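Everything on this sheet refers to the single structure shown next.
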2 protein chains.
Amino acid sequence: MKQMEGGVCAAKGYKAAGIYCGIRKNKSKKDLALIVSETRAACACVYTQNLVKGAPIAVTKANVADGYACAIICNSGNANTCNANGVEIAETMCDLLGVALGIPSGDVVVASTGVIGKPLDIEPIANGIAPLVAALGDDSNAAAEAIMTTDVKKKEIAFEFILGGKACHIGGICKGSGMIQPNMATMLGFITTDAAISPAMLQKALSEDVPNSFNMVSIDGDTSTNDMVTVLANGMAGNKPVTTEGEDFSAFKAALSAVTQYLSRSIAGDGEGATKLIVCQLKGAKDHAGAVKLSKSVINSPLVKCAMFGADANWGRVLCALGYAGVPTDVHKIGVTFSSAAGAVEVCKNGTGVAFSEELAKKVLSESEISIEITLGEGEASATAYGCDLTYDYVKINGDYRT
Amino acid sequence: MKQMEGGVCAAKGYKAAGIYCGIRKNKSKKDLALIVSETRAACACVYTQNLVKGAPIAVTKANVADGYACAIICNSGNANTCNANGVEIAETMCDLLGVALGIPSGDVVVASTGVIGKPLDIEPIANGIAPLVAALGDDSNAAAEAIMTTDVKKKEIAFEFILGGKACHIGGICKGSGMIQPNMATMLGFITTDAAISPAMLQKALSEDVPNSFNMVSIDGDTSTNDMVTVLANGMAGNKPVTTEGEDFSAFKAALSAVTQYLSRSIAGDGEGATKLIVCQLKGAKDHAGAVKLSKSVINSPLVKCAMFGADANWGRVLCALGYAGVPTDVHKIGVTFSSAAGAVEVCKNGTGVAFSEELAKKVLSESEISIEITLGEGEASATAYGCDLTYDYVKINGDYRT
């Protein structure tokens with residue numbers, strides 16, 4: 001497998017575009033994105049588990065029920081959620097795009113992200129569809145930009161991989177910076193591949209991947225209402241279609257995982273106001289479910305997050321967060337090590353502090369990517385959760401987001 | 001029932017003291033507190049449910065297993081948690097105090113609060129016990145001050161109430177500002193009463209009270225390792241002892257609740273860095289457990305907390321937090337109103353936004369105490385949770401607490 005340029009346009013037969021259509025007040029920020037496959041593609045999606053769901057989620061679910069789609073349209077600046085006419089607006093977006101592209105509106109995936117509870121005006125979108133389609137090209141940058149909200153960095157990646165002797169490609173873009181604790185699905189992520197794979201196997205690959213990638217990210221413990229990840233697979237690489245488990249399915253999953261792991265880490269590292277990516281690697285748990293709960297509890301603790309911001313090796317807060325995670329654990333076996341590019345420093349062994357150099361700890365915790373390595377010594381299960389530090393800027397960004 | 005001065009010294013037969021003994025570097029901040037009852041008192045305690053527990057918790061549990069105690073000693077500046085010699089230190093504190101007061105060490109409640117994982121030096125405490133006992137007096141202020149960590153405001157209250165025709169008194173002090181999401185117990189709270197009540201009924205009263213008072217507070221979702229609430233009842237008011245349920249038990253519970261409700265609100269309003277007390281009043285839930293989960297989910301959402309800091313009526317975040325609380329709810333029936341001393345503004349009805357005056361909303365949300373009133377329309381259960389806004393200062397305080 002080798003990394004390549006091109007994001008969602010890296011795979012054969014995909015074009016993308018992103019424009020400013022007028023949903024946002026700030027004209028310098030694109031707000032409408034489009035991804036189109038030349039041919040009808042197998043389509044798999046996972047969605048937020050929040051009971052309050054964006055209207056586009058319901059419309060997309062209905063549209064991809066047959067396992068296929070041709071295009072993805074997404075606006076930023078407004079989540080189209082908790083609005084009386086939300087479903088109608090989302091359906092109109094699909095209808096207008098279907099007419100413009102000459103495809104059934106039922107082959108459109110629709111997504112929205114931004115403020116909740118503000119009616120979404122269809123007019124700028126209706127006027128924007130023609131220029132959006134006209135802008136379609138081989139560059140996924142504009143689309144990656146148009147789906148961003150408070151994100152600071154664009155998030156895109158692509159890989160080439162081999163299936164049954166054929167070169168296949170897979171690439172993705174995503175957004176997500178606040179209101180991020182995906183649960184069974186996540187944020188907005190759009191992934192394209194030219195591999196040939198059946199809708200059922202594509203959905204299986206995505207559903208098995210997400211619990212270990214996007215669902216292990218948490219910026220603030222807030223599970224959004226509009227989370228969604230979509231994969232389109234148009235088969236244009238010409239490989240023998242993947243229709244069962246086996247070597248090819250495993251190779252596809254590995255490629256999908258390469259994309260989702262990169263995108264997940266990108267989201268965590270670009271958390272609202274974040275200055276550091278925090279990776280919590282937990283080992284030696286009794287079972288996987290417990291490992292997930294424990295590692296996420298550490299990543300979500302505001303006190304741990306503040307300590308990481310301040311480069312303070314306050315490991316007691318890590319133990320505290322493990323202790324309230326709701327997982328039976330022998331606290332007298334817990335070990336904690338902080339590590340980064342600057343080195344590693346063991347701070348706790350058998351649930352008790354060990355002497356360490358405060359100077360080294362400060363150096364380790366001043367890096368932009370920090371690992372909190374936890375050992376439980378109770379079994380073989382492990383989990384890795386991704387988060388970020390809690391900073392003044394998170395408060396600033398979210399103290400006045402709506403107005 | 002009428003409010004009175006005196007905190008833990010308001011009830012007959014109690015004296016208190018607080019001094020600086022040298023646990024903290026900052027000599028201007030008291031760090032050792034003592035509360036003593038003239039006679040052996042019935043004693044009830046509730047403790048943190050965090051699996052990582054402070055050593056004093058274990059020692060206190062053993063000491064009060066017989067239902068009685070005479071004195072409470074508490075240091076701040078160090079939690080005596082996750083230390084190899086923690087139990088030994090806590091036991092020594094009880095032994096030294098027992099000798100100084102001429103009581104069995106098994107009649108001492110011991111508590112510690114502060115940094116986790118830093119060994120607690122017994123020397124300043126050993127040297128401090130004589131001056132501490134010498135300082136005993138009728139003023140609970142010094143004790144209330146000596147148990148504070150990052151708290152800005154002292155928290156004490158007292159009431160007079162009538163049991164079987166006799167005037168009884170109950171008063172309490174507590175501390176708590178960060179690492180606050182009590183679970184089945186909470187923070188440090190010390191309550192004294194001269195009412196006569198059996199240990200069993202006292203424990204029953206406390207255990208029934210805490211789920212609706214301290215356990216409904218959350219500053220940051222972090223359940224501490226050292227939470228504890230203790231009530232001493234020495235019977236010196238001379239009322240007929242409360243030994244069963246009935247009118248007197250109900251009157252005692254009402255008095256206890258008056259103390260714990262006041263202290264709970266004080267903790268929430270004095271959350272680390274907080275500028276506002278946030279009260280989430282949720283009504284119309286199917287059952288109480290669901291109402292608790294839903295109201296706490298709103299109070300804990302970093303995004304809701306930041307919006308309150310910015311006086312931004314971003315009700316979509318309230319719906320989002322309700323949606324991920326893990327409680328089955330018909331989101332199309334949810335109503336939300338923000339209210340304060342400046343008025344009330346309805347922002348959401350039937351899960352959808354309603355037109356409102358942004359100007360009024362800004363005024364309402366700029367007050368120092370804000371209610372988020374939520375109606376579900378699904379049943380008769382309700383719950384009230386207490387929290388605060390998330391501010392720059394929370395990050396500042398916790399970015400460098402340990403050093």
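In the structure tokens, chains take the letters A, B, ... in the order shown, each chain's residues start at 1, and ligands count up from 1 in the order shown.
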
Inset, instruction - Could you list the residues in chain A lying within 8 Å of chain B, using only C-alpha atoms, and format the result as a VMD selection string? - result: chain A and resid 49 to 52 82 to 84 115 to 118 179 220 to 225 301 to 303 306 to 312 314 to 317 319 to 324 328 to 329 331 351 to 353 390 to 392 395 to 396 398 to 403

What lies within 9 Å of Leu360 of chain A using only C-alpha atoms, ignoring chain neighbours under 3 positions off, as a PDB file with C-alpha atoms, in the first residue's frame?
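Saved the output as result.pdb:
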```pdb
ATOM      1  CA  ALA A 342      11.074  13.919  23.312  1.00  0.00           C
ATOM      2  CA  GLY A 343      11.205  10.611  25.215  1.00  0.00           C
ATOM      3  CA  ALA A 344       9.231   8.601  27.734  1.00  0.00           C
ATOM      4  CA  VAL A 345       8.698   9.030  31.452  1.00  0.00           C
ATOM      5  CA  PHE A 356      10.558  10.852  37.913  1.00  0.00           C
ATOM      6  CA  SER A 357      12.349  13.859  36.478  1.00  0.00           C
ATOM      7  CA  LYS A 363       9.860  18.214  27.827  1.00  0.00           C
ATOM      8  CA  VAL A 364       7.865  15.098  26.927  1.00  0.00           C
ATOM      9  CA  LEU A 365       4.528  16.866  27.468  1.00  0.00           C
TER      10      LEU A 365
END
```

Inset, instruction - Tell me, as a ChimeraX atom specification, which residues lie within 7 Å of Lys12 of chain A, counting only C-alpha atoms; anything in the same chain fewer than 3 positions away does not count. - result: /A:194,236-237

If you keep N, CA and C atoms, can you produce a file of those selected residues as a PDB file, in the first residue's frame?
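part30.pdb was written with the following content:
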```pdb
ATOM      1  N   ASP A 194     -12.081   3.055  -6.132  1.00  0.00           N
ATOM      2  CA  ASP A 194     -12.444   2.465  -7.413  1.00  0.00           C
ATOM      3  C   ASP A 194     -12.437   0.944  -7.331  1.00  0.00           C
ATOM      4  N   MET A 236     -14.282   0.869 -10.791  1.00  0.00           N
ATOM      5  CA  MET A 236     -13.574   1.187 -12.033  1.00  0.00           C
ATOM      6  C   MET A 236     -12.121   0.732 -12.058  1.00  0.00           C
ATOM      7  N   ALA A 237     -11.604   0.221 -10.939  1.00  0.00           N
ATOM      8  CA  ALA A 237     -10.234  -0.321 -10.952  1.00  0.00           C
ATOM      9  C   ALA A 237     -10.200  -1.646 -11.707  1.00  0.00           C
TER      10      ALA A 237
END
```

Legend entry - Every residue of segment 157-394 of chain A that DSSP places in strand (DSSP E), as a ChimeraX atom specification: /A:157-163,166-175,188-193,228-233,277-285,335-340,343-349,352-353,369-375,381-388

Legend entry - Within 8 Å of segment 269-286 of chain A using only C-alpha atoms, minus same-chain residues under 4 positions, as number ranges by chain: A: 150-153, 176-178, 219, 265, 290-291, 294-296, 298-299, 308-309, 367-395, 397

Any chance you could export the current selection's N, CA and C atoms as a short mmCIF file (atom, residue, chain, number, x, y, z; two decimals), in the first residue's frame?
```
data_model
loop_
_atom_site.label_atom_id
_atom_site.label_comp_id
_atom_site.auth_asym_id
_atom_site.auth_seq_id
_atom_site.Cartn_x
_atom_site.Cartn_y
_atom_site.Cartn_z
N THR A 150 -15.47 24.76 12.14
CA THR A 150 -14.41 25.40 12.93
C THR A 150 -13.06 24.74 12.70
N ASP A 151 -13.00 23.75 11.81
CA ASP A 151 -11.73 23.10 11.49
C ASP A 151 -10.71 24.15 11.05
N VAL A 152 -9.47 23.93 11.45
CA VAL A 152 -8.41 24.84 11.02
C VAL A 152 -7.66 24.22 9.85
N LYS A 153 -7.53 22.87 9.90
CA LYS A 153 -6.76 22.17 8.86
C LYS A 153 -7.67 21.32 7.99
N GLY A 176 -14.44 17.95 11.20
CA GLY A 176 -14.80 17.64 12.58
C GLY A 176 -13.81 18.31 13.50
N SER A 177 -14.32 19.11 14.43
CA SER A 177 -13.41 19.84 15.29
C SER A 177 -14.00 20.03 16.68
N GLY A 178 -15.32 20.22 16.78
CA GLY A 178 -15.99 20.29 18.06
C GLY A 178 -17.25 19.47 17.99
N ILE A 219 -13.27 14.86 21.09
CA ILE A 219 -12.76 16.20 21.35
C ILE A 219 -13.34 16.71 22.67
N ARG A 265 -7.06 10.57 13.36
CA ARG A 265 -5.98 11.30 14.05
C ARG A 265 -6.00 12.77 13.65
N GLY A 290 -14.25 -2.96 27.80
CA GLY A 290 -13.69 -2.26 28.95
C GLY A 290 -12.52 -1.37 28.55
N ALA A 291 -11.68 -1.89 27.67
CA ALA A 291 -10.52 -1.11 27.21
C ALA A 291 -10.97 0.17 26.53
N LEU A 294 -12.38 2.64 29.23
CA LEU A 294 -11.31 3.20 30.06
C LEU A 294 -10.48 4.22 29.28
N SER A 295 -10.10 3.88 28.05
CA SER A 295 -9.25 4.80 27.29
C SER A 295 -10.02 6.08 26.95
N LYS A 296 -11.32 5.94 26.65
CA LYS A 296 -12.12 7.13 26.34
C LYS A 296 -12.35 7.99 27.58
N VAL A 298 -10.24 8.53 29.94
CA VAL A 298 -9.03 9.34 30.11
C VAL A 298 -9.01 10.48 29.10
N ILE A 299 -9.28 10.15 27.84
CA ILE A 299 -9.25 11.14 26.75
C ILE A 299 -10.29 12.24 26.98
N MET A 308 -2.61 18.33 30.16
CA MET A 308 -1.81 18.15 28.94
C MET A 308 -1.53 19.51 28.30
N PHE A 309 -2.52 20.39 28.32
CA PHE A 309 -2.33 21.76 27.81
C PHE A 309 -1.19 22.43 28.57
N GLU A 367 5.56 18.45 23.61
CA GLU A 367 5.49 18.09 22.18
C GLU A 367 4.05 18.23 21.65
N SER A 368 3.91 18.21 20.34
CA SER A 368 2.58 18.40 19.75
C SER A 368 1.79 17.09 19.65
N GLU A 369 2.44 15.96 19.90
CA GLU A 369 1.72 14.69 19.95
C GLU A 369 2.21 13.91 21.17
N ILE A 370 1.28 13.55 22.05
CA ILE A 370 1.63 12.92 23.32
C ILE A 370 0.89 11.60 23.48
N SER A 371 1.60 10.57 23.92
CA SER A 371 0.94 9.30 24.22
C SER A 371 0.82 9.12 25.73
N ILE A 372 -0.38 8.74 26.18
CA ILE A 372 -0.56 8.31 27.56
C ILE A 372 -0.67 6.79 27.50
N GLU A 373 0.39 6.10 27.93
CA GLU A 373 0.42 4.64 27.84
C GLU A 373 0.00 4.07 29.18
N ILE A 374 -1.06 3.27 29.15
CA ILE A 374 -1.59 2.71 30.39
C ILE A 374 -1.56 1.20 30.33
N THR A 375 -1.03 0.57 31.38
CA THR A 375 -1.07 -0.89 31.46
C THR A 375 -1.91 -1.30 32.66
N LEU A 376 -2.79 -2.30 32.44
CA LEU A 376 -3.66 -2.74 33.53
C LEU A 376 -3.24 -4.09 34.12
N GLY A 377 -2.56 -4.89 33.30
CA GLY A 377 -2.08 -6.18 33.79
C GLY A 377 -3.19 -7.15 34.16
N GLU A 378 -4.33 -7.04 33.49
CA GLU A 378 -5.46 -7.92 33.84
C GLU A 378 -5.85 -8.86 32.71
N GLY A 379 -5.35 -8.62 31.51
CA GLY A 379 -5.72 -9.46 30.38
C GLY A 379 -5.00 -9.02 29.13
N GLU A 380 -5.57 -9.40 27.98
CA GLU A 380 -4.87 -9.17 26.72
C GLU A 380 -5.50 -8.08 25.86
N ALA A 381 -6.66 -7.53 26.29
CA ALA A 381 -7.37 -6.57 25.45
C ALA A 381 -6.73 -5.19 25.49
N SER A 382 -6.83 -4.47 24.36
CA SER A 382 -6.27 -3.13 24.29
C SER A 382 -7.17 -2.21 23.48
N ALA A 383 -6.94 -0.93 23.58
CA ALA A 383 -7.68 0.06 22.80
C ALA A 383 -6.86 1.33 22.74
N THR A 384 -7.03 2.08 21.65
CA THR A 384 -6.34 3.35 21.50
C THR A 384 -7.38 4.42 21.21
N ALA A 385 -7.40 5.46 22.05
CA ALA A 385 -8.36 6.56 21.87
C ALA A 385 -7.60 7.83 21.50
N TYR A 386 -8.24 8.68 20.70
CA TYR A 386 -7.61 9.90 20.21
C TYR A 386 -8.35 11.12 20.72
N GLY A 387 -7.62 12.07 21.26
CA GLY A 387 -8.25 13.30 21.73
C GLY A 387 -7.27 14.46 21.63
N CYS A 388 -7.53 15.50 22.38
CA CYS A 388 -6.68 16.69 22.32
C CYS A 388 -6.73 17.41 23.66
N ASP A 389 -5.90 18.43 23.81
CA ASP A 389 -5.91 19.17 25.06
C ASP A 389 -7.07 20.17 25.10
N LEU A 390 -7.39 20.64 26.30
CA LEU A 390 -8.47 21.62 26.49
C LEU A 390 -7.81 22.98 26.75
N THR A 391 -8.13 23.94 25.92
CA THR A 391 -7.40 25.20 25.94
C THR A 391 -8.33 26.41 26.04
N TYR A 392 -7.75 27.57 26.27
CA TYR A 392 -8.52 28.82 26.27
C TYR A 392 -9.32 28.94 24.97
N ASP A 393 -8.70 28.54 23.86
CA ASP A 393 -9.34 28.75 22.57
C ASP A 393 -10.59 27.89 22.37
N TYR A 394 -10.64 26.70 23.01
CA TYR A 394 -11.88 25.91 22.92
C TYR A 394 -13.03 26.72 23.52
N VAL A 395 -12.76 27.34 24.66
CA VAL A 395 -13.79 28.15 25.33
C VAL A 395 -14.16 29.35 24.45
N ILE A 397 -13.85 29.72 21.14
CA ILE A 397 -14.56 29.31 19.92
C ILE A 397 -16.02 28.98 20.24
#
```

Inset, instruction - Tell me, as a list in words, which residues lie within 7 Å of Ile191 of chain B, counting only C-alpha atoms; anything in the same chain fewer than 3 positions away does not count. - result: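 Those residues are Val8, Gly171, Gly172, Ile173, Thr230, Val231 and Leu232 of chain B.
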
Inset, instruction - Considering only C-alpha atoms, state which residue in the set B:Leu202, B:Met216, B:Ile122, B:Ile72 is at the smallest distance from Gly189 of chain B. - result: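 Selected residue with least distance to Gly189 of chain B: B:Ile72.
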
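For Gly67 of chain B, the non-local neighbours within 6 Å, defined as residues at least 3 positions apart in the same chain or in other chains and counting only C-alpha atoms, are B:Ala42, B:Cys43, B:Val64, B:Pro199.
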
Export N, CA and C atoms of the chosen residues as a JSON list (two decimals), in the first residue's frame?
```json
[["chain", "number", "residue", "atom", "x", "y", "z"],
["B", 42, "ALA", "N", -23.90, 10.03, 66.79],
["B", 42, "ALA", "CA", -24.23, 9.12, 65.68],
["B", 42, "ALA", "C", -23.56, 9.69, 64.44],
["B", 43, "CYS", "N", -23.09, 8.82, 63.57],
["B", 43, "CYS", "CA", -22.32, 9.28, 62.41],
["B", 43, "CYS", "C", -22.75, 8.53, 61.15],
["B", 64, "VAL", "N", -15.99, 4.31, 61.37],
["B", 64, "VAL", "CA", -17.40, 4.63, 61.64],
["B", 64, "VAL", "C", -18.31, 3.42, 61.43],
["B", 199, "PRO", "N", -27.98, 5.97, 64.58],
["B", 199, "PRO", "CA", -27.06, 5.87, 63.44],
["B", 199, "PRO", "C", -27.75, 5.31, 62.19]]
```

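With atom CA of Ala258 of chain B on one side and atom CA of Tyr14 of chain B on the other, the separation reads 19.5 Å.
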
Inset, instruction - List every residue of segment 151-389 of chain B that DSSP, applied to the backbone of this structure, places in helix (DSSP H, G or I), and write the result as a PyMOL selection string. - result: chain B and resi 199-212+214-216+247-269+288-300+302-309+315-323+331-333+358-364

Inset, instruction - Go through A:Glu38, A:Glu156, A:Asp95, A:Glu245 one by one, measure the shortest atom-to-atom distance of each to Tyr262 of chain A using only C-alpha atoms, and give the residue with the smallest value. - result: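 Of A:Glu38, A:Glu156, A:Asp95, A:Glu245, the one nearest Tyr262 of chain A, counting only C-alpha atoms, is A:Glu156.
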
Inset, instruction - Enter the distance from atom CA of Ile89 of chain A to atom CA of Ala144 of chain A, in Å, rounded to one decimal. - result: 22.7 Å

Inset, instruction - Measure the distance from atom CA of Ala142 of chain A to atom CA of Ala195 of chain A in Å and round it to one decimal. - result: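 Computing the Euclidean distance for atom CA of Ala142 of chain A and atom CA of Ala195 of chain A yields 23.9 Å.
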
Inset, instruction - For segment 25-29 of chain A, please output as a PyMOL selection string all residues within 8 Å (counting only C-alpha atoms; exclusion window: fewer than 4 positions along the same chain). - result: chain A and resi 20+145-146
